[in-house]
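So this block is final-v7.cif, mmCIF, C-alpha atoms and all ligand atoms:
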data_target
#
loop_
_atom_site.label_atom_id
_atom_site.label_comp_id
_atom_site.auth_asym_id
_atom_site.auth_seq_id
_atom_site.Cartn_x
_atom_site.Cartn_y
_atom_site.Cartn_z
CA ARG A 11 29.43 -6.44 -0.33
CA GLU A 12 28.00 -3.17 1.00
CA LEU A 13 25.29 -1.73 -1.21
CA LYS A 14 24.05 1.76 -0.56
CA VAL A 15 20.35 2.20 0.18
CA ALA A 16 18.66 5.09 -1.54
CA THR A 17 16.32 7.14 0.65
CA GLY A 18 13.74 9.85 0.16
CA ASN A 19 13.00 11.79 -3.00
CA LYS A 20 15.90 12.14 -5.39
CA ASP A 21 15.64 13.19 -8.96
CA GLN A 22 14.96 10.33 -11.35
CA ALA A 23 18.17 10.56 -13.36
CA LYS A 24 20.20 10.21 -10.20
CA VAL A 25 18.06 7.36 -8.86
CA SER A 26 18.23 5.40 -12.11
CA ALA A 27 21.98 6.00 -12.50
CA GLU A 28 22.54 4.72 -8.96
CA ALA A 29 20.43 1.61 -9.49
CA ALA A 30 22.09 0.90 -12.84
CA ALA A 31 25.54 1.31 -11.28
CA MET A 32 24.67 -1.05 -8.43
CA PHE A 33 23.31 -3.56 -10.95
CA ALA A 34 26.51 -3.34 -13.03
CA ASP A 35 28.59 -3.72 -9.90
CA VAL A 36 26.94 -7.07 -9.09
CA PHE A 37 26.27 -8.49 -12.56
CA GLY A 38 29.14 -6.96 -14.56
CA ARG A 39 26.86 -5.54 -17.28
CA ALA A 40 24.40 -2.69 -17.68
CA PRO A 41 20.68 -3.42 -17.04
CA ASP A 42 18.12 -3.25 -19.86
CA GLY A 43 16.35 -0.57 -17.84
CA VAL A 44 15.31 0.73 -14.42
CA TRP A 45 11.72 0.89 -13.18
CA GLN A 46 10.36 2.61 -10.10
CA ALA A 47 7.08 2.08 -8.21
CA PRO A 48 5.85 3.95 -5.12
CA GLY A 49 4.46 2.91 -1.77
CA ARG A 50 1.20 4.56 -0.70
CA VAL A 51 -0.81 5.96 2.11
CA ASN A 52 -4.52 5.38 2.02
CA LEU A 53 -6.30 8.66 2.74
CA ILE A 54 -9.50 6.77 3.54
CA GLY A 55 -11.30 3.51 2.65
CA GLU A 56 -9.83 0.66 4.69
CA HIS A 57 -10.64 -3.02 4.12
CA THR A 58 -13.27 -1.87 1.63
CA ASP A 59 -11.30 -3.09 -1.41
CA TYR A 60 -12.08 -6.80 -1.03
CA ASN A 61 -15.70 -5.87 -0.32
CA GLU A 62 -15.90 -4.30 -3.80
CA GLY A 63 -16.16 -0.86 -2.23
CA PHE A 64 -14.34 2.46 -2.52
CA VAL A 65 -10.78 3.52 -1.67
CA LEU A 66 -8.89 6.82 -1.88
CA PRO A 67 -5.10 6.26 -1.62
CA PHE A 68 -2.21 8.32 -2.92
CA ALA A 69 1.30 7.31 -3.94
CA ILE A 70 4.16 8.63 -1.80
CA GLY A 71 7.71 9.63 -2.68
CA HIS A 72 9.17 6.45 -1.19
CA THR A 73 9.71 3.98 -4.01
CA ALA A 74 11.01 0.55 -4.98
CA LYS A 75 13.52 0.61 -7.82
CA VAL A 76 14.38 -2.44 -9.92
CA ALA A 77 17.16 -2.67 -12.49
CA ILE A 78 16.63 -5.70 -14.74
CA ARG A 79 18.34 -7.35 -17.66
CA LEU A 80 16.83 -10.32 -19.48
CA ARG A 81 18.99 -13.42 -19.92
CA ALA A 82 19.14 -15.98 -22.71
CA ASP A 83 18.44 -18.89 -20.32
CA ASN A 84 15.80 -19.66 -17.66
CA THR A 85 17.84 -18.57 -14.65
CA ALA A 86 16.86 -15.67 -12.42
CA ARG A 87 19.50 -14.04 -10.24
CA LEU A 88 18.26 -11.52 -7.68
CA ILE A 89 19.93 -9.25 -5.18
CA SER A 90 18.65 -6.38 -3.06
CA SER A 91 20.19 -3.53 -1.15
CA TYR A 92 18.62 -5.05 1.98
CA GLY A 93 21.63 -7.32 1.73
CA ASP A 94 20.05 -9.97 3.94
CA GLU A 95 20.06 -12.93 1.55
CA GLY A 96 22.92 -12.04 -0.80
CA LEU A 97 22.61 -13.20 -4.39
CA VAL A 98 19.69 -15.62 -4.88
CA THR A 99 19.79 -17.86 -7.98
CA VAL A 100 16.71 -19.82 -9.13
CA ASP A 101 15.64 -21.92 -12.09
CA LEU A 102 12.43 -20.30 -13.37
CA THR A 103 11.16 -23.60 -14.81
CA ARG A 104 10.97 -25.00 -11.28
CA LEU A 105 9.16 -22.05 -9.64
CA ALA A 106 6.13 -22.90 -7.51
CA PRO A 107 4.34 -20.87 -4.82
CA SER A 108 5.75 -23.26 -2.20
CA ASN A 109 9.40 -22.61 -3.07
CA MET A 110 9.46 -18.80 -3.09
CA HIS A 111 10.53 -17.19 0.17
CA GLY A 112 11.73 -13.90 1.68
CA TRP A 113 11.82 -10.72 -0.41
CA THR A 114 12.42 -12.68 -3.63
CA ALA A 115 8.85 -14.08 -3.37
CA TYR A 116 7.61 -10.67 -4.60
CA PRO A 117 9.59 -10.41 -7.87
CA LEU A 118 9.55 -14.17 -8.49
CA GLY A 119 5.84 -14.30 -7.63
CA VAL A 120 5.17 -11.74 -10.36
CA ALA A 121 7.27 -13.72 -12.87
CA TRP A 122 5.38 -16.89 -11.89
CA VAL A 123 1.95 -15.23 -12.30
CA LEU A 124 2.90 -13.87 -15.73
CA ALA A 125 4.02 -17.36 -16.79
CA GLN A 126 0.75 -18.81 -15.45
CA GLN A 127 -1.04 -16.33 -17.70
CA GLY A 128 0.77 -17.68 -20.73
CA ILE A 129 3.43 -14.98 -21.00
CA ARG A 130 6.89 -16.32 -21.76
CA VAL A 131 9.22 -14.88 -19.11
CA PRO A 132 12.89 -15.66 -19.83
CA GLY A 133 15.61 -15.62 -17.18
CA PHE A 134 16.67 -12.26 -15.78
CA ASP A 135 19.14 -10.55 -13.48
CA LEU A 136 17.49 -8.17 -11.02
CA PHE A 137 18.72 -5.61 -8.52
CA LEU A 138 16.22 -4.13 -6.04
CA ASP A 139 16.60 -1.02 -3.96
CA SER A 140 13.68 0.40 -1.96
CA SER A 141 13.08 3.37 0.26
CA VAL A 142 9.60 2.15 1.29
CA PRO A 143 9.98 0.98 4.89
CA ASN A 144 9.14 -2.71 5.37
CA GLY A 145 6.19 -3.64 7.56
CA ALA A 146 5.18 0.02 7.97
CA GLY A 147 1.79 -0.39 6.29
CA LEU A 148 2.97 1.70 3.33
CA SER A 149 2.84 -1.07 0.73
CA SER A 150 6.49 -1.96 0.44
CA SER A 151 5.53 -5.30 -1.10
CA ALA A 152 3.10 -3.87 -3.66
CA ALA A 153 5.80 -1.37 -4.67
CA ILE A 154 8.18 -4.23 -5.51
CA GLU A 155 5.45 -6.20 -7.29
CA SER A 156 4.39 -3.19 -9.33
CA ALA A 157 7.93 -2.23 -10.36
CA VAL A 158 8.71 -5.80 -11.43
CA ALA A 159 5.36 -6.29 -13.17
CA LEU A 160 5.89 -3.11 -15.18
CA ALA A 161 9.49 -4.06 -16.02
CA LEU A 162 8.69 -7.61 -17.18
CA ASN A 163 5.66 -6.31 -19.07
CA ASP A 164 7.87 -3.86 -20.97
CA LEU A 165 10.76 -6.27 -21.55
CA THR A 166 8.69 -9.27 -22.66
CA GLY A 167 6.35 -7.17 -24.83
CA ALA A 168 3.39 -8.70 -22.96
CA ALA A 169 1.48 -5.42 -23.41
CA LEU A 170 -0.77 -5.84 -20.38
CA THR A 171 -2.61 -2.70 -19.25
CA ARG A 172 -1.86 -1.15 -15.87
CA GLN A 173 -5.22 -2.39 -14.60
CA GLU A 174 -4.16 -5.91 -15.61
CA LEU A 175 -0.78 -5.47 -13.91
CA VAL A 176 -2.64 -4.54 -10.71
CA LEU A 177 -4.24 -8.00 -10.81
CA VAL A 178 -0.87 -9.66 -11.53
CA GLY A 179 0.56 -8.09 -8.37
CA GLN A 180 -2.52 -8.99 -6.34
CA ARG A 181 -2.37 -12.60 -7.53
CA ALA A 182 1.33 -12.83 -6.56
CA GLU A 183 0.41 -11.52 -3.13
CA ASN A 184 -2.55 -13.92 -2.76
CA GLU A 185 -1.13 -17.11 -4.24
CA VAL A 186 2.60 -16.82 -3.61
CA VAL A 187 3.00 -14.65 -0.51
CA GLY A 188 -0.22 -16.06 0.94
CA ALA A 189 -1.87 -12.78 1.97
CA PRO A 190 -5.58 -12.63 0.96
CA THR A 191 -5.38 -8.93 0.10
CA GLY A 192 -7.41 -6.78 -2.31
CA ILE A 193 -6.36 -4.39 -5.07
CA LEU A 194 -5.80 -1.21 -3.06
CA ASP A 195 -2.02 -1.23 -2.82
CA GLN A 196 -1.12 -2.26 -6.38
CA SER A 197 -3.74 0.19 -7.73
CA ALA A 198 -2.21 3.05 -5.76
CA SER A 199 1.27 2.15 -6.96
CA LEU A 200 0.38 1.70 -10.63
CA LEU A 201 -2.49 4.17 -11.16
CA SER A 202 -1.50 7.25 -9.13
CA SER A 203 -0.52 10.58 -10.62
CA GLU A 204 1.37 13.39 -8.96
CA GLY A 205 -0.74 15.87 -7.00
CA HIS A 206 -3.77 13.55 -6.94
CA ALA A 207 -5.39 10.88 -4.84
CA VAL A 208 -6.82 7.87 -6.69
CA PHE A 209 -10.54 7.37 -6.19
CA LEU A 210 -11.12 3.76 -7.12
CA ASP A 211 -14.37 1.84 -7.32
CA CYS A 212 -13.13 -1.68 -6.59
CA ARG A 213 -16.20 -3.23 -8.23
CA SER A 214 -16.28 -1.45 -11.59
CA ARG A 215 -12.52 -0.69 -11.43
CA HIS A 216 -13.38 2.85 -12.46
CA VAL A 217 -10.57 5.24 -11.52
CA GLU A 218 -10.81 8.98 -10.97
CA GLN A 219 -7.84 11.24 -10.28
CA VAL A 220 -8.84 13.57 -7.42
CA PRO A 221 -6.73 16.76 -7.15
CA LEU A 222 -5.09 17.03 -3.74
CA ASP A 223 -2.95 20.15 -3.44
CA LEU A 224 -1.82 20.16 0.18
CA THR A 225 0.68 22.99 -0.29
CA LEU A 226 -1.95 25.34 -1.68
CA ALA A 227 -4.16 24.60 1.33
CA GLN A 228 -1.17 25.08 3.69
CA LEU A 229 -1.62 21.57 4.97
CA VAL A 230 0.71 18.65 5.58
CA VAL A 231 -0.06 14.95 5.79
CA LEU A 232 2.25 13.44 8.36
CA ALA A 233 2.87 9.71 8.39
CA VAL A 234 3.70 8.20 11.76
CA ASP A 235 5.35 4.81 11.33
CA THR A 236 4.79 3.22 14.73
CA ARG A 237 7.43 0.60 13.89
CA VAL A 238 5.03 -2.05 15.12
CA SER A 239 5.43 -4.34 12.19
CA HIS A 240 2.43 -6.06 10.62
CA ALA A 241 2.08 -8.96 8.17
CA HIS A 242 -1.08 -9.67 6.20
CA ALA A 243 -0.17 -13.31 5.64
CA THR A 244 -1.08 -13.85 9.30
CA GLY A 245 -4.53 -14.74 10.60
CA ASP A 246 -5.98 -11.37 11.65
CA TYR A 247 -6.37 -9.90 8.17
CA ALA A 248 -7.91 -13.12 6.86
CA ALA A 249 -10.25 -13.26 9.86
CA ARG A 250 -11.58 -9.78 9.04
CA ARG A 251 -12.10 -10.80 5.46
CA ALA A 252 -13.95 -13.94 6.57
CA SER A 253 -16.24 -11.87 8.84
CA CYS A 254 -17.11 -9.61 5.90
CA GLU A 255 -17.91 -12.61 3.71
CA LEU A 256 -20.04 -14.13 6.45
CA GLY A 257 -21.89 -10.82 6.90
CA ALA A 258 -22.61 -10.59 3.18
CA GLU A 259 -23.82 -14.19 3.07
CA VAL A 260 -26.21 -13.79 6.02
CA LEU A 261 -27.52 -10.52 4.58
CA GLY A 262 -28.02 -12.18 1.21
CA VAL A 263 -25.90 -9.76 -0.84
CA PRO A 264 -22.94 -10.49 -3.19
CA THR A 265 -20.62 -8.27 -1.12
CA LEU A 266 -20.91 -5.63 1.61
CA ARG A 267 -20.73 -3.00 -1.14
CA ASP A 268 -24.40 -3.79 -1.61
CA VAL A 269 -25.41 -2.75 1.92
CA SER A 270 -26.31 0.90 2.55
CA VAL A 271 -26.04 2.87 5.78
CA ASN A 272 -29.86 2.95 5.97
CA GLU A 273 -29.99 -0.84 6.01
CA LEU A 274 -27.68 -1.19 9.02
CA SER A 275 -30.38 -1.15 11.68
CA GLU A 276 -32.14 -4.04 9.97
CA ALA A 277 -28.79 -5.88 9.61
CA ALA A 278 -28.21 -5.56 13.36
CA GLY A 279 -31.08 -7.94 14.02
CA LEU A 280 -29.71 -10.57 11.65
CA LEU A 281 -26.05 -10.71 12.68
CA ASP A 282 -24.13 -11.61 15.83
CA ASP A 283 -22.61 -8.56 17.54
CA GLU A 284 -19.06 -9.02 16.26
CA THR A 285 -20.06 -9.65 12.64
CA PHE A 286 -22.43 -6.68 12.81
CA ARG A 287 -19.63 -4.38 13.95
CA ARG A 288 -17.35 -5.64 11.14
CA VAL A 289 -20.16 -5.01 8.65
CA ARG A 290 -20.89 -1.57 10.10
CA HIS A 291 -17.26 -0.55 9.60
CA ILE A 292 -17.30 -1.50 5.92
CA VAL A 293 -20.67 0.07 5.20
CA THR A 294 -19.91 3.35 6.98
CA GLU A 295 -16.36 3.44 5.57
CA ASN A 296 -17.65 3.23 2.01
CA ASP A 297 -19.96 6.10 2.84
CA ARG A 298 -17.06 8.11 4.32
CA VAL A 299 -14.97 7.61 1.16
CA LEU A 300 -17.78 8.99 -0.98
CA SER A 301 -18.25 11.91 1.44
CA THR A 302 -14.50 12.60 1.42
CA VAL A 303 -14.45 12.82 -2.37
CA ALA A 304 -17.47 15.16 -2.29
CA VAL A 305 -16.03 17.35 0.49
CA LEU A 306 -12.66 17.60 -1.28
CA ALA A 307 -14.42 18.91 -4.38
CA GLU A 308 -16.76 21.27 -2.56
CA ARG A 309 -14.74 22.58 0.39
CA GLY A 310 -11.15 21.42 -0.09
CA PRO A 311 -8.80 19.22 1.95
CA ALA A 312 -8.98 21.24 5.19
CA ALA A 313 -12.60 20.09 5.59
CA ILE A 314 -12.06 16.30 5.45
CA GLY A 315 -10.50 15.96 8.91
CA PRO A 316 -13.62 14.75 10.78
CA LEU A 317 -14.16 12.00 8.18
CA LEU A 318 -10.59 10.73 8.69
CA THR A 319 -11.00 10.68 12.45
CA ALA A 320 -14.39 8.95 12.24
CA SER A 321 -12.72 6.32 10.07
CA HIS A 322 -10.11 5.70 12.73
CA LEU A 323 -12.71 5.28 15.47
CA SER A 324 -14.59 2.81 13.29
CA MET A 325 -11.41 0.78 12.76
CA ARG A 326 -10.56 0.95 16.42
CA ASP A 327 -13.96 0.05 17.82
CA ASP A 328 -15.88 -1.83 15.11
CA PHE A 329 -13.28 -3.48 12.90
CA GLU A 330 -10.76 -3.80 15.76
CA ILE A 331 -7.60 -3.51 13.69
CA SER A 332 -5.86 -0.68 15.55
CA CYS A 333 -3.29 -1.05 18.32
CA PRO A 334 -2.20 1.15 21.28
CA GLU A 335 0.62 2.77 19.29
CA LEU A 336 -1.67 3.74 16.39
CA ASP A 337 -4.31 5.06 18.80
CA LEU A 338 -1.72 7.12 20.66
CA ALA A 339 -0.39 8.62 17.41
CA VAL A 340 -3.93 9.57 16.36
CA GLU A 341 -4.99 10.94 19.77
CA THR A 342 -1.79 12.94 20.25
CA ALA A 343 -1.94 14.46 16.77
CA LEU A 344 -5.58 15.46 17.31
CA ALA A 345 -4.88 16.90 20.76
CA ASN A 346 -2.14 19.07 19.26
CA GLY A 347 -4.01 20.62 16.37
CA ALA A 348 -4.41 17.93 13.68
CA LEU A 349 -7.61 18.40 11.65
CA GLY A 350 -8.07 14.64 11.37
CA ALA A 351 -6.03 11.47 11.86
CA ARG A 352 -6.36 7.75 11.28
CA MET A 353 -4.40 4.56 10.95
CA THR A 354 -3.72 3.71 7.31
CA GLY A 355 -3.37 0.35 5.60
CA GLY A 356 -4.24 -3.10 6.86
CA GLY A 357 -3.77 -2.35 10.56
CA PHE A 358 -2.42 -4.29 13.56
CA GLY A 359 0.63 -2.00 13.42
CA GLY A 360 2.14 0.02 10.64
CA SER A 361 1.43 3.73 10.18
CA ALA A 362 -1.07 6.43 11.04
CA ILE A 363 -1.60 9.60 9.04
CA ALA A 364 -2.49 13.03 10.39
CA LEU A 365 -3.83 15.93 8.34
CA ILE A 366 -2.36 19.02 9.95
CA PRO A 367 -2.00 22.77 9.34
CA ALA A 368 1.55 23.29 8.02
CA ALA A 369 2.20 25.71 10.89
CA SER A 370 1.64 22.95 13.51
CA GLU A 371 4.06 20.45 11.99
CA ALA A 372 6.99 20.90 14.38
CA GLY A 373 4.75 20.90 17.46
CA ILE A 374 2.83 17.78 16.44
CA ARG A 375 6.00 15.87 15.55
CA GLN A 376 7.42 16.73 18.96
CA ALA A 377 4.21 15.89 20.82
CA VAL A 378 3.96 12.45 19.18
CA GLN A 379 7.62 11.67 19.89
CA THR A 380 7.19 12.71 23.52
CA ALA A 381 3.96 10.72 23.96
CA PHE A 382 5.61 7.59 22.55
CA ALA A 383 8.61 8.00 24.85
CA HIS A 384 6.32 8.43 27.88
CA ALA A 385 4.32 5.35 26.96
CA GLY A 386 7.51 3.31 26.62
CA PHE A 387 6.85 2.65 22.90
CA ARG A 388 9.55 2.41 20.23
CA LYS A 389 10.60 5.73 18.73
CA PRO A 390 8.23 6.34 15.80
CA ASP A 391 9.46 7.44 12.41
CA ILE A 392 7.56 10.61 11.41
CA PHE A 393 7.66 12.11 7.92
CA ALA A 394 5.52 14.22 5.60
CA VAL A 395 3.97 12.56 2.56
CA THR A 396 2.70 14.26 -0.59
CA PRO A 397 0.77 12.76 -3.52
CA ALA A 398 3.49 11.46 -5.85
CA ALA A 399 3.60 9.91 -9.31
CA GLY A 400 2.70 6.29 -9.98
CA ALA A 401 5.06 3.60 -11.25
CA GLY A 402 7.11 4.14 -14.38
CA ARG A 403 10.26 3.34 -16.32
CA ILE A 404 13.02 5.76 -15.36
CA SER A 405 15.75 4.62 -17.75
C1 LIG A 501 -3.67 -4.10 3.02
C2 LIG A 501 -4.16 -4.88 1.80
F1 LIG A 501 -3.09 -5.26 1.04
C3 LIG A 501 -5.12 -4.06 0.95
O1 LIG A 501 -5.64 -4.87 -0.08
C4 LIG A 501 -6.25 -3.48 1.83
O2 LIG A 501 -7.20 -4.47 2.13
C5 LIG A 501 -5.68 -2.82 3.07
O3 LIG A 501 -4.80 -3.67 3.77
C6 LIG A 501 -6.77 -2.37 4.00
O4 LIG A 501 -7.52 -1.36 3.42
O5 LIG A 501 -2.89 -3.01 2.64
#
Transcribe the structure of this file into structure tokens.
Ligand code: GAF
Amino acid sequence: RELKVATGNKDQAKVSAEAAAMFADVFGRAPDGVWQAPGRVNLIGEHTDYNEGFVLPFAIGHTAKVAIRLRADNTARLISSYGDEGLVTVDLTRLAPSNMHGWTAYPLGVAWVLAQQGIRVPGFDLFLDSSVPNGAGLSSSAAIESAVALALNDLTGAALTRQELVLVGQRAENEVVGAPTGILDQSASLLSSEGHAVFLDCRSRHVEQVPLDLTLAQLVVLAVDTRVSHAHATGDYAARRASCELGAEVLGVPTLRDVSVNELSEAAGLLDDETFRRVRHIVTENDRVLSTVAVLAERGPAAIGPLLTASHLSMRDDFEISCPELDLAVETALANGALGARMTGGGFGGSAIALIPAASEAGIRQAVQTAFAHAGFRKPDIFAVTPAAGAGRIS
């Protein structure tokens, strides 16, 4: 069966009608509702989340949509427009982290976590459609988790807060998918509001909506999906996390959040070179997030470029999570008029973002495409992103 994949920004009525129709086509009945949750770009604050630091992401217009109907038994039937696994049928009473695989690990992982938390989750039929590209560092998995968490929360009457649903998604990612990630992605998906970036203190969980009107400032944020796919369930992400934990332990602090930029020179004498550079990235990155929020308020988005670029260099040289494709995207954008550019997300592939004057958009797109072709890299996918709404029920 061919199922149509929705792309880009469509109006909600159309999106929900499409998802409901696709659900009815497969399951022969209407869904109880349709929920939508966005992917994100992170403007700045990378790998700071699990160090209890600061992040500043915004939701993008690419979203995961789920149409769900509860069942009277304990069976879950799931299908996606990816079409790769067809209809998957599972007995929810037998779910365990070890028996969830492929894309269904995200929705089933959420159902499993809710059940672990004492919430009775009955069987359900689920249809998923997503326009968030997979493996592009734009939180395609958190978008699915957030949409399903919101849907099951509504349908079961569990009445968890959005902050609690963030932790449900994170736990699914950590315990079921096996990626030791923080709360950045689920927070961006569930807590964003249109026209704003989300300034999140990952220790206190305090959230501030930071106005980000790119159009007014005649700016564009371009995402460059390098199409080098990344996976955080692999060793590199976990190795970075382990270095941060080691650094904190040697420095005698609960987390690297507790180290200030002024204390770095003293830290240098206590840590091996690699651990020191990992620590320096986190400490300076936290500082850059705070500066970005201050500069946005005082001088507006056109002035944050140097902070974005400094963040990229820190990830490239100190945290060592960039790759040649990400570096080329950043360098080419900067050489052709970008105000700032950096890789976004977990790294080792995925996407870069460039903050550019709207007037340079065509030239920068062309320059990046040409540079990638010359380097023999895969053709990147380049698109503009604007701060979009967070997750919600759309029908
Ligand atoms: C990935 C993780 F899922 C986030 O928790 C965060 O650590 C990010 O990488 C890096 O900032 O997206």
(message) With only C-alpha atoms as the counted atoms, please give the residues lying no more than 10 Å from Glu371 of chain A, apart from itself and same-chain residues fewer than 6 positions off, as number ranges by chain.
(response) A: 229-232, 343, 346-348, 365, 377, 393-394
(request) Using only C-alpha atoms and all ligand atoms, find the one residue out of A:Arg388, A:His240, A:His57, A:His322 that sits nearest to ligand LIG 501 (chain A). (result) A:His57
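Where the distance criterion is 6 Å and the atoms used are all atoms listed in the file, the residues close to ligand LIG 501 (chain A) are Glu56, His57, Asp59, Thr191, Gly192, Ile193, Leu194, Asp195, Gly355 and Gly356 of chain A.
With atom CA of Gly386 of chain A on one side and atom CA of Gly147 of chain A on the other, the separation reads 21.4 Å.
Atom to atom, atom CA of Ala29 of chain A and atom CA of Leu138 of chain A stand 7.9 Å apart.
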(request) Rank A:Gly43, A:Pro132, A:Pro397, A:Gly373 by their smallest atom-to-atom distance to Leu160 of chain A, using only C-alpha atoms, and report the top residue only. (result) A:Gly43
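The closest residue to Met325 of chain A, picked from A:Ala189, A:Val158, A:Val293, A:Ala345 and counting all atoms listed in the file, is A:Val293.
Minimum atom-to-atom distances from A:Leu136, A:Ala34, A:Val340, A:Leu317 to Val303 of chain A were compared using all atoms listed in the file, and the lowest value belongs to A:Leu317.
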(request) Considering all atoms listed in the file, return as a count of residues only whatever protein or nucleic-acid residues lie within 7 Å of Leu222 of chain A, sequence-local ones (same chain, fewer than 3 positions apart) excluded. (result) 3
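Candidate residues A:Gly357, A:Gly350, A:Gly63, A:Gly257 were compared for distance to Arg326 of chain A, and the nearest is A:Gly357, using only C-alpha atoms.
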(request) Could you jot down the atom CA of Glu95 of chain A to atom CA of Pro107 of chain A separation for me, Å, one decimal place? (result) 18.7 Å
(request) Counting only C-alpha atoms, select every polymer residue within 12 Å of (-6.3, 0.5, 18.9) as defined in the file's coordinates, and provide the selection as JSON, numbers by chain. (result) {"A": [322, 323, 324, 325, 326, 327, 328, 329, 330, 331, 332, 333, 334, 335, 336, 337, 338, 339, 340, 341, 352, 353, 357, 358, 359, 360, 362]}
(request) May I have the protein, DNA and RNA residues with any atom at most 9 Å from the point (0.0, 7.8, -8.1), counting all atoms listed in the file, written as an MDAnalysis selection string? (result) chainID A and resid 48 50 67:70 197:208 219 397:401
(request) For segment 149-152 of chain A, work out the shell of residues within 9 Å, counting all atoms listed in the file and skipping chain neighbours fewer than 2 positions away, then give it as a PyMOL selection string. (result) chain A and resi 47-51+72-74+113+116+140-147+154-157+179-180+183+195-199+355
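If all atoms listed in the file are the atoms counted, then among A:Val186, A:Pro316, A:Thr58, A:Leu105 the closest residue to His291 of chain A is A:Thr58.
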(message) Residues near Thr294 of chain A, anyone? I mean within 9 Å using all atoms listed in the file, not counting same-chain ones fewer than 2 positions away, as number ranges by chain.
(response) A: 270-271, 289-292, 296-299, 321, 324
Identify, on the basis of all atoms listed in the file, every residue whose closest approach to Gln127 of chain A does not exceed 12 Å; exclude the query and any residue fewer than 4 positions from it along the same chain; express the result as a compact mmCIF listing (two decimals) with C-alpha atoms, keeping the file's coordinate frame.
# COMPACT_ATOMS: atom_id res chain seq x y z
CA VAL A 120 5.17 -11.74 -10.36
CA ALA A 121 7.27 -13.72 -12.87
CA TRP A 122 5.38 -16.89 -11.89
CA VAL A 123 1.95 -15.23 -12.30
CA VAL A 131 9.22 -14.88 -19.11
CA ALA A 168 3.39 -8.70 -22.96
CA LEU A 170 -0.77 -5.84 -20.38
CA GLU A 174 -4.16 -5.91 -15.61
CA LEU A 175 -0.78 -5.47 -13.91
CA LEU A 177 -4.24 -8.00 -10.81
CA VAL A 178 -0.87 -9.66 -11.53
CA ARG A 181 -2.37 -12.60 -7.53
CA ALA A 182 1.33 -12.83 -6.56
I need segment 338-370 of chain A from the structure I supplied, saved as a PDB file, in the first residue's frame with C-alpha atoms retained.
ATOM      1  CA  LEU A 338      32.357  22.888   4.894  1.00  0.00           C
ATOM      2  CA  ALA A 339      28.734  24.023   5.263  1.00  0.00           C
ATOM      3  CA  VAL A 340      29.733  26.432   8.048  1.00  0.00           C
ATOM      4  CA  GLU A 341      32.859  27.768   6.301  1.00  0.00           C
ATOM      5  CA  THR A 342      31.095  28.242   2.959  1.00  0.00           C
ATOM      6  CA  ALA A 343      28.124  30.028   4.511  1.00  0.00           C
ATOM      7  CA  LEU A 344      30.464  32.355   6.420  1.00  0.00           C
ATOM      8  CA  ALA A 345      32.611  33.043   3.357  1.00  0.00           C
ATOM      9  CA  ASN A 346      29.485  34.058   1.442  1.00  0.00           C
ATOM     10  CA  GLY A 347      27.954  36.499   3.873  1.00  0.00           C
ATOM     11  CA  ALA A 348      26.465  34.485   6.762  1.00  0.00           C
ATOM     12  CA  LEU A 349      26.563  36.409  10.052  1.00  0.00           C
ATOM     13  CA  GLY A 350      27.221  33.203  11.984  1.00  0.00           C
ATOM     14  CA  ALA A 351      26.985  29.449  11.455  1.00  0.00           C
ATOM     15  CA  ARG A 352      27.323  26.260  13.455  1.00  0.00           C
ATOM     16  CA  MET A 353      26.474  22.600  13.458  1.00  0.00           C
ATOM     17  CA  THR A 354      23.295  21.903  15.413  1.00  0.00           C
ATOM     18  CA  GLY A 355      22.273  18.873  17.450  1.00  0.00           C
ATOM     19  CA  GLY A 356      24.358  15.969  18.661  1.00  0.00           C
ATOM     20  CA  GLY A 357      26.946  16.097  15.882  1.00  0.00           C
ATOM     21  CA  PHE A 358      28.927  13.492  13.903  1.00  0.00           C
ATOM     22  CA  GLY A 359      26.702  14.353  10.919  1.00  0.00           C
ATOM     23  CA  GLY A 360      23.263  15.854  10.692  1.00  0.00           C
ATOM     24  CA  SER A 361      22.680  19.552  10.052  1.00  0.00           C
ATOM     25  CA  ALA A 362      24.348  22.933  10.300  1.00  0.00           C
ATOM     26  CA  ILE A 363      22.504  26.225  10.637  1.00  0.00           C
ATOM     27  CA  ALA A 364      23.535  29.571   9.176  1.00  0.00           C
ATOM     28  CA  LEU A 365      22.163  32.953  10.225  1.00  0.00           C
ATOM     29  CA  ILE A 366      22.111  35.014   7.048  1.00  0.00           C
ATOM     30  CA  PRO A 367      20.790  38.333   5.717  1.00  0.00           C
ATOM     31  CA  ALA A 368      17.626  37.494   3.737  1.00  0.00           C
ATOM     32  CA  ALA A 369      19.170  39.150   0.673  1.00  0.00           C
ATOM     33  CA  SER A 370      22.056  36.617   0.603  1.00  0.00           C
TER      34      SER A 370
END
